[in-house]
Amino acid sequence: MANSKYEYVKKFEMEDKLPDCNWIVVRIDGHKFHRFSDDHDFDKPNDENALNLMNSCAVSMVEQFSDIVFAYGVSDEYSFIWKETSQFYDRRASKILSLSVSSFTSMYVIKWKDFFPHKDLKDPPCFDGRIVLYPRVKIVRDYLSWRQVDCHINNQYNTCFWMLVKSGKSKKDAQELLKGTLAKDKNELLFLQFGINYDKLPDIFKKGSCVYKDTVEETVKPDDGGNPVKRQRRRVIVGHFNIIEDRFWNEHPNILKED
């Protein structure tokens, strides 16, 4: 930029470099998605196409930004864990957040027809975002556990609520019936009134979605003798796992490896 007498205005810009030695969590959340989901006639309580669209956008994020080591999504929300050593844009919060939100939103628009080929996008999807820093892996895991617990609680409630509404109850009556109920009460309601075993619902609804890179073995071609030739390659994986307990993290120790 050429020097001029107006360049002094740059002094008013705020310094927003994130401190080193912290894991960066970017959480993206749909803005007014209750109305958006109604306008686009999403299935209730869960629209699997909508969830898979969110997952596809998250895969693109993990592919585009190499410093994202893990992502977790539920409903219209996604959390992206950036490695603690990331120097992306010199750790400037405004750059990391704005690029994350704008990239995710643009991918949502681009990929819409892949998941809703017979539905037009009536309104522009909007996402807000925030950045939170965590100095230790334990706190990052506790953060992810918090989001997965919320996934279960919200899904169990919403499943009960929408089954009651679909059975003829008003939304107000459904809310009153569920007020003060415990998890076991909701499980009983689903099973006794609707024949639904909550534990057998798809994991994508109960556990949310995990997106991360892993090394997988793939057959690339047969050799001259017709035997398969295998290579190890890095691939982005989408799965629905229990990330509260240790098993997943013990099986994937490099995801949140501290440098």
# chains A, B, ... in the order shown; residues from 1 in each chain; ligands from 1
>>> select_by_dssp(residues="segment 77-148 of chain A", states="strand (DSSP E)", output="list in words")
Glu77, Tyr78, Ser79, Phe80, Ile81, Trp82, Phe127, Asp128, Gly129, Arg130, Ile131, Val132, Leu133 and Tyr134 of chain A
>>> residues_around(residues="segment 156-172 of chain A", least_positions_apart="5", cutoff="7 Å", atoms="only C-alpha atoms", output="ChimeraX atom specification")
/A:44-45,186,190
>>> residues_around(residues="Tyr212 of chain A", least_positions_apart="3", cutoff="8 Å", atoms="only C-alpha atoms", output="list in words")
Val62, Val69, Phe70, Ala71, Val236, Ile237, Val238 and Ile255 of chain A
>>> residues_around(residues="segment 117-125 of chain A", least_positions_apart="4", cutoff="12 Å", atoms="only C-alpha atoms", output="ChimeraX atom specification")
/A:29-42,49-50,53-54,76,101-102,104-113
>>> residues_around(residues="Leu256 of chain A", least_positions_apart="3", cutoff="9 Å", atoms="only C-alpha atoms", output="list in words")
Val69, Phe70, Ile81, Lys83, Val137, Val140, Arg141, Trp249, His252 and Pro253 of chain A
>>> atom_distance(atom1="atom CA of Asp214 of chain A", atom2="atom CA of Pro19 of chain A")
28.1 Å
